[in-house]
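Everything below belongs to my_file02.txt, which stores compact mmCIF, C-alpha atoms.
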```txt
# COMPACT_ATOMS: atom_id res chain seq x y z
CA MET K 68 214.74 -45.51 -0.64
CA ASN K 69 212.26 -47.24 1.62
CA PRO K 70 213.78 -49.78 3.99
CA ILE K 71 212.82 -53.42 3.68
CA TYR K 72 212.71 -53.92 7.43
CA GLU K 73 212.65 -51.33 10.16
CA THR K 74 212.08 -51.64 13.87
CA THR K 75 212.25 -49.56 16.97
CA ASP K 76 212.12 -52.64 19.24
CA ALA K 77 214.37 -51.83 22.21
CA ARG K 78 216.32 -55.09 21.78
CA VAL K 79 217.11 -54.35 18.15
CA ARG K 80 217.59 -50.60 18.75
CA ALA K 81 216.42 -49.00 15.53
CA VAL K 82 217.95 -51.28 12.92
CA THR K 83 217.00 -50.78 9.29
CA ILE K 84 217.51 -53.45 6.66
CA ARG K 85 217.85 -52.12 3.14
CA PRO K 86 219.22 -53.27 -0.21
CA ALA K 87 222.98 -52.96 -0.33
CA ARG K 88 224.60 -50.48 -2.70
CA PRO K 89 228.15 -50.03 -4.01
CA ALA K 90 228.90 -47.40 -1.35
CA ASP K 91 228.53 -50.12 1.33
CA LEU K 92 231.60 -51.98 0.07
CA ASP K 93 234.08 -50.81 2.71
CA ALA K 94 231.77 -51.57 5.64
CA VAL K 95 230.78 -54.99 4.23
CA LEU K 96 234.41 -55.81 3.46
CA ALA K 97 235.46 -54.89 7.00
CA ILE K 98 232.83 -57.26 8.45
CA ARG K 99 233.80 -60.06 6.01
CA ASN K 100 237.51 -59.68 6.66
CA HIS K 101 237.00 -59.67 10.42
CA ALA K 102 235.11 -62.96 10.04
CA ILE K 103 237.93 -64.36 7.91
CA GLU K 104 240.66 -63.31 10.33
CA HIS K 105 238.94 -64.23 13.60
CA GLY K 106 236.25 -66.85 12.98
CA THR K 107 235.31 -70.07 11.26
CA ALA K 108 232.26 -68.89 9.32
CA LEU K 109 234.36 -68.27 6.19
CA TRP K 110 236.77 -71.08 5.45
CA THR K 111 239.64 -69.12 4.02
CA ASP K 112 242.78 -67.73 5.62
CA THR K 113 243.18 -64.87 3.16
CA PRO K 114 241.35 -61.57 3.71
CA GLN K 115 239.54 -60.29 0.66
CA SER K 116 241.14 -57.39 -1.23
CA ARG K 117 239.05 -54.36 -2.08
CA ASP K 118 238.94 -55.42 -5.77
CA GLU K 119 237.86 -58.97 -4.86
CA GLY K 120 235.25 -57.61 -2.48
CA ALA K 121 233.95 -55.20 -5.12
CA ALA K 122 233.55 -58.02 -7.67
CA TRP K 123 231.84 -60.24 -5.07
CA LEU K 124 229.44 -57.49 -4.00
CA ALA K 125 228.74 -56.43 -7.60
CA ALA K 126 227.56 -59.96 -8.45
CA HIS K 127 225.10 -59.88 -5.55
CA LEU K 128 223.94 -56.35 -6.40
CA ALA K 129 223.27 -57.43 -9.99
CA ARG K 130 221.04 -60.26 -8.68
CA GLY K 131 219.37 -58.01 -6.10
CA SER K 132 220.43 -60.44 -3.38
CA ALA K 133 222.48 -58.25 -1.00
CA TYR K 134 221.16 -56.39 2.04
CA VAL K 135 222.73 -54.41 4.84
CA ALA K 136 221.63 -53.67 8.38
CA GLU K 137 222.07 -50.06 9.47
CA SER K 138 221.99 -48.69 12.97
CA GLY K 139 222.26 -44.94 12.90
CA ALA K 140 224.61 -44.17 10.05
CA SER K 141 226.65 -47.36 10.45
CA VAL K 142 226.42 -50.68 8.62
CA VAL K 143 226.28 -53.27 11.41
CA GLY K 144 225.65 -56.39 9.35
CA PHE K 145 224.94 -57.76 5.92
CA GLY K 146 223.26 -60.71 4.30
CA VAL K 147 223.40 -62.18 0.82
CA TYR K 148 222.14 -65.16 -1.09
CA GLY K 149 223.53 -66.58 -4.27
CA PRO K 150 223.69 -69.72 -6.36
CA TRP K 151 224.32 -72.85 -4.36
CA LYS K 152 225.91 -74.63 -7.33
CA ASP K 153 226.71 -73.35 -10.80
CA TYR K 154 224.95 -76.14 -12.70
CA SER K 155 221.61 -75.27 -14.30
CA GLY K 156 219.80 -78.02 -12.41
CA PHE K 157 220.40 -76.07 -9.19
CA ARG K 158 219.10 -72.74 -10.58
CA HIS K 159 216.20 -72.59 -8.11
CA THR K 160 218.38 -73.24 -5.04
CA VAL K 161 220.39 -70.56 -3.26
CA GLU K 162 222.72 -70.41 -0.29
CA ASN K 163 222.56 -67.63 2.28
CA SER K 164 225.22 -65.86 4.29
CA VAL K 165 224.54 -63.55 7.22
CA TYR K 166 227.22 -61.61 9.10
CA VAL K 167 226.92 -59.19 12.00
CA ALA K 168 229.68 -56.76 12.96
CA GLU K 169 231.76 -57.47 16.03
CA GLY K 170 230.10 -56.04 19.12
CA GLN K 171 226.63 -56.01 17.52
CA HIS K 172 225.56 -59.59 18.24
CA GLY K 173 222.48 -60.32 20.33
CA ARG K 174 220.48 -57.38 18.98
CA GLY K 175 218.33 -59.33 16.49
CA ILE K 176 220.31 -58.07 13.50
CA GLY K 177 221.04 -61.54 12.12
CA ALA K 178 217.37 -62.51 12.44
CA ALA K 179 216.24 -59.38 10.62
CA LEU K 180 218.74 -59.99 7.82
CA LEU K 181 217.83 -63.67 7.43
CA SER K 182 214.12 -62.86 7.38
CA THR K 183 214.74 -60.32 4.63
CA LEU K 184 216.80 -62.80 2.59
CA ILE K 185 214.04 -65.40 2.81
CA THR K 186 211.37 -62.90 1.76
CA SER K 187 213.51 -61.67 -1.14
CA ALA K 188 214.32 -65.20 -2.37
CA GLU K 189 210.64 -66.14 -2.23
CA ALA K 190 209.71 -63.02 -4.21
CA ALA K 191 212.33 -64.03 -6.79
CA GLY K 192 210.54 -67.38 -7.23
CA LEU K 193 213.33 -69.49 -5.76
CA HIS K 194 212.56 -72.94 -4.37
CA VAL K 195 215.05 -73.84 -1.61
CA MET K 196 217.52 -71.91 0.53
CA ILE K 197 220.59 -73.71 1.89
CA ALA K 198 222.80 -72.74 4.81
CA GLY K 199 226.27 -74.23 5.19
CA ILE K 200 227.29 -73.62 8.80
CA GLU K 201 230.44 -74.59 10.69
CA SER K 202 229.04 -77.23 13.03
CA GLY K 203 230.33 -75.55 16.19
CA ASN K 204 228.40 -72.35 15.45
CA ALA K 205 225.41 -73.12 17.66
CA ALA K 206 224.08 -69.55 17.45
CA SER K 207 223.84 -69.68 13.65
CA ILE K 208 222.24 -73.12 13.73
CA ARG K 209 219.61 -71.88 16.22
CA LEU K 210 219.01 -68.75 14.13
CA HIS K 211 218.32 -70.85 11.05
CA GLU K 212 216.12 -73.28 12.97
CA ARG K 213 214.01 -70.34 14.22
CA HIS K 214 213.52 -69.35 10.57
CA GLY K 215 212.25 -72.75 9.48
CA PHE K 216 215.50 -74.38 8.34
CA GLU K 217 215.89 -78.08 8.99
CA HIS K 218 219.06 -80.10 9.44
CA ALA K 219 219.95 -81.78 6.15
CA GLY K 220 223.20 -83.43 7.21
CA THR K 221 226.67 -82.94 8.58
CA VAL K 222 229.80 -83.55 6.58
CA ARG K 223 232.73 -84.29 8.88
CA GLU K 224 236.19 -82.73 8.58
CA VAL K 225 235.72 -81.16 5.14
CA GLY K 226 237.49 -77.89 5.99
CA THR K 227 240.39 -76.69 8.06
CA LYS K 228 241.20 -73.42 9.76
CA PHE K 229 243.30 -72.36 12.71
CA GLY K 230 244.99 -75.76 12.73
CA ARG K 231 241.88 -77.85 13.22
CA TRP K 232 239.43 -79.79 11.08
CA LEU K 233 235.94 -78.33 10.68
CA ASP K 234 232.60 -80.07 10.17
CA LEU K 235 229.94 -78.54 7.93
CA THR K 236 226.29 -78.63 8.95
CA LEU K 237 223.92 -78.27 6.01
CA MET K 238 220.46 -76.85 6.62
CA ARG K 239 217.64 -76.25 4.16
CA ARG K 240 214.42 -74.29 4.00
CA GLN K 241 211.66 -74.71 1.46
CA LEU K 242 210.67 -71.34 0.00
CA GLY K 243 207.31 -70.16 -1.22
```

Give the structure from the file, written as C-alpha cells.
Amino acid sequence: MNPIYETTDARVRAVTIRPARPADLDAVLAIRNHAIEHGTALWTDTPQSRDEGAAWLAAHLARGSAYVAESGASVVGFGVYGPWKDYSGFRHTVENSVYVAEGQHGRGIGAALLSTLITSAEAAGLHVMIAGIESGNAASIRLHERHGFEHAGTVREVGTKFGRWLDLTLMRRQLG
C-alpha cells in the first residue's frame, strides 16, 4: 500500500500517513483511551471498550475516513472525519478529530494527519470541515488555523470533565 503522506523531514522523523485498517484498532484505542483518561479533547469519562472501539473504527473504515501516522512500526497518531450531524441537510459537512500519542507531540504528526484529512474530504466532494475543540486547547486551535480553519464561535460551559465546565470552540474550513 502506498502511503498518503511520507516525509523524512528531521522534525517529523520519518512519519508515514496511511489509511487505517482493522489491525490498527489496539493502537488507535490506546491513544483514544489515553485522551479520555487524561485530557479534555474527548468529553467522556468512560474509556472505550474494544468492541465499542471496533464499531467506531469500522464505521470510519467503511467511509474511507480514517488514517494513522506510523513512525517505524508504531502507530503514533490517528485522524478521522465523519458526519457532523445525522440529518440529511448536513450530508456535505464533516467533523475532524486528530490525536497524537503521548510523547509524540511537536513532531508535525498532527499537521500531517490534518492535511491528509482535508485532502481526503475534498476528494470525497465534501463542502465544509468542522472542528470542535475544547477552548483551552491552544495547540489544536493553532493547528487548525494553520490549515485554513476560521473561528466560527465559542459555546460556553457546554461540557464538563474533571470537575470543571468546558467551553467548546467551533472552527470551520471550506473544502474544495

*Contact residues around stretch 109-115 of chain K with all atoms listed in the file at 8 Å, ignoring same-chain residues under 6 positions, as number ranges by chain*: K: 96, 99-100, 102-103, 226-228

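Every protein, DNA or RNA residue with an atom at most 7 Å from stretch 157-169 of chain K, where all atoms listed in the file count and chain neighbours fewer than 3 positions away do not, is listed here: Ile98, Val143, Gly144, Phe145, Gly146, Val147, Tyr148, Gly149, Pro150, Trp151, Lys152, Tyr154, His172, Ile176, Gly177, Leu180, Leu181, Leu193, His194, Val195, Met196, Ile197 and Ala198 of chain K.
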
Selected residues written out, C-alpha atoms, as a PDB file, keeping the file's coordinate frame:
```pdb
ATOM      1  CA  ILE K  98     232.830 -57.260   8.450  1.00  0.00           C
ATOM      2  CA  VAL K 143     226.280 -53.270  11.410  1.00  0.00           C
ATOM      3  CA  GLY K 144     225.650 -56.390   9.350  1.00  0.00           C
ATOM      4  CA  PHE K 145     224.940 -57.760   5.920  1.00  0.00           C
ATOM      5  CA  GLY K 146     223.260 -60.710   4.300  1.00  0.00           C
ATOM      6  CA  VAL K 147     223.400 -62.180   0.820  1.00  0.00           C
ATOM      7  CA  TYR K 148     222.140 -65.160  -1.090  1.00  0.00           C
ATOM      8  CA  GLY K 149     223.530 -66.580  -4.270  1.00  0.00           C
ATOM      9  CA  PRO K 150     223.690 -69.720  -6.360  1.00  0.00           C
ATOM     10  CA  TRP K 151     224.320 -72.850  -4.360  1.00  0.00           C
ATOM     11  CA  LYS K 152     225.910 -74.630  -7.330  1.00  0.00           C
ATOM     12  CA  TYR K 154     224.950 -76.140 -12.700  1.00  0.00           C
ATOM     13  CA  HIS K 172     225.560 -59.590  18.240  1.00  0.00           C
ATOM     14  CA  ILE K 176     220.310 -58.070  13.500  1.00  0.00           C
ATOM     15  CA  GLY K 177     221.040 -61.540  12.120  1.00  0.00           C
ATOM     16  CA  LEU K 180     218.740 -59.990   7.820  1.00  0.00           C
ATOM     17  CA  LEU K 181     217.830 -63.670   7.430  1.00  0.00           C
ATOM     18  CA  LEU K 193     213.330 -69.490  -5.760  1.00  0.00           C
ATOM     19  CA  HIS K 194     212.560 -72.940  -4.370  1.00  0.00           C
ATOM     20  CA  VAL K 195     215.050 -73.840  -1.610  1.00  0.00           C
ATOM     21  CA  MET K 196     217.520 -71.910   0.530  1.00  0.00           C
ATOM     22  CA  ILE K 197     220.590 -73.710   1.890  1.00  0.00           C
ATOM     23  CA  ALA K 198     222.800 -72.740   4.810  1.00  0.00           C
TER      24      ALA K 198
END
```

*Considering only C-alpha atoms, state which residue in the set K:Leu237, K:Ala94, K:Ala108, K:Ala129 is at the smallest distance from K:Asn204.*
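Ranking K:Leu237, K:Ala94, K:Ala108, K:Ala129 by distance to K:Asn204, first place goes to K:Ala108.
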
_atom CA of K:Glu137 to atom CA of K:Val82, straight-line distance in Å_ =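 Between atom CA of K:Val82 and atom CA of K:Glu137 the gap works out to 5.5 Å.
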
*Mind giving me the straight-line distance from atom CA of K:Thr236 to atom CA of K:Glu212 in Å, one decimal?*
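Distance reported for this atom pair: 12.2 Å.
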
*Rounded to one decimal in Å, what is the spacing between atom CA of K:Val222 and atom CA of K:Thr183?*
27.8 Å

*Find, counting all atoms listed in the file, the residue in K:Ala140, K:Leu235, K:Ala97, K:Ala179 that gets nearest to K:Gly199.*
K:Leu235

*Any idea what's packed within 9 Å of stretch 213-215 of chain K, counting all atoms listed in the file, ignoring anything in its chain fewer than 4 positions away? Could you give it as a PyMOL selection string?*
chain K and resi 178+181-182+185+208-209+239-241

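For the point (222.2, -55.2, 2.3) in file coordinates, the residues within 7 Å, using only C-alpha atoms, are Ile84, Arg85, Pro86, Ala87, Ala133, Tyr134, Val135, Ala136, Phe145 and Gly146 of chain K.
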
_All residues 9 Å or closer to K:Gly120, only C-alpha atoms, same chain fewer than 2 positions away omitted, as an NGL selection string_ = :K and (92-93 or 95-96 or 99 or 115-118 or 122-125)

Kindly compute an axis-aligned box around the listed atoms of stretch 170-184 of chain K, allowing 8 Å on each side, and express its centre and edge lengths in Å to one decimal as AutoDock Vina command-line options.
```
--center_x 222.1 --center_y -59.8 --center_z 11.5 --size_x 32.0 --size_y 23.7 --size_z 33.7
```

*Pick the closest to K:Ala121 from K:Gly106, K:Gly139, K:Pro89, K:Gly220: which is it, counting only C-alpha atoms?*
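The answer is K:Pro89, which sits nearest to K:Ala121.
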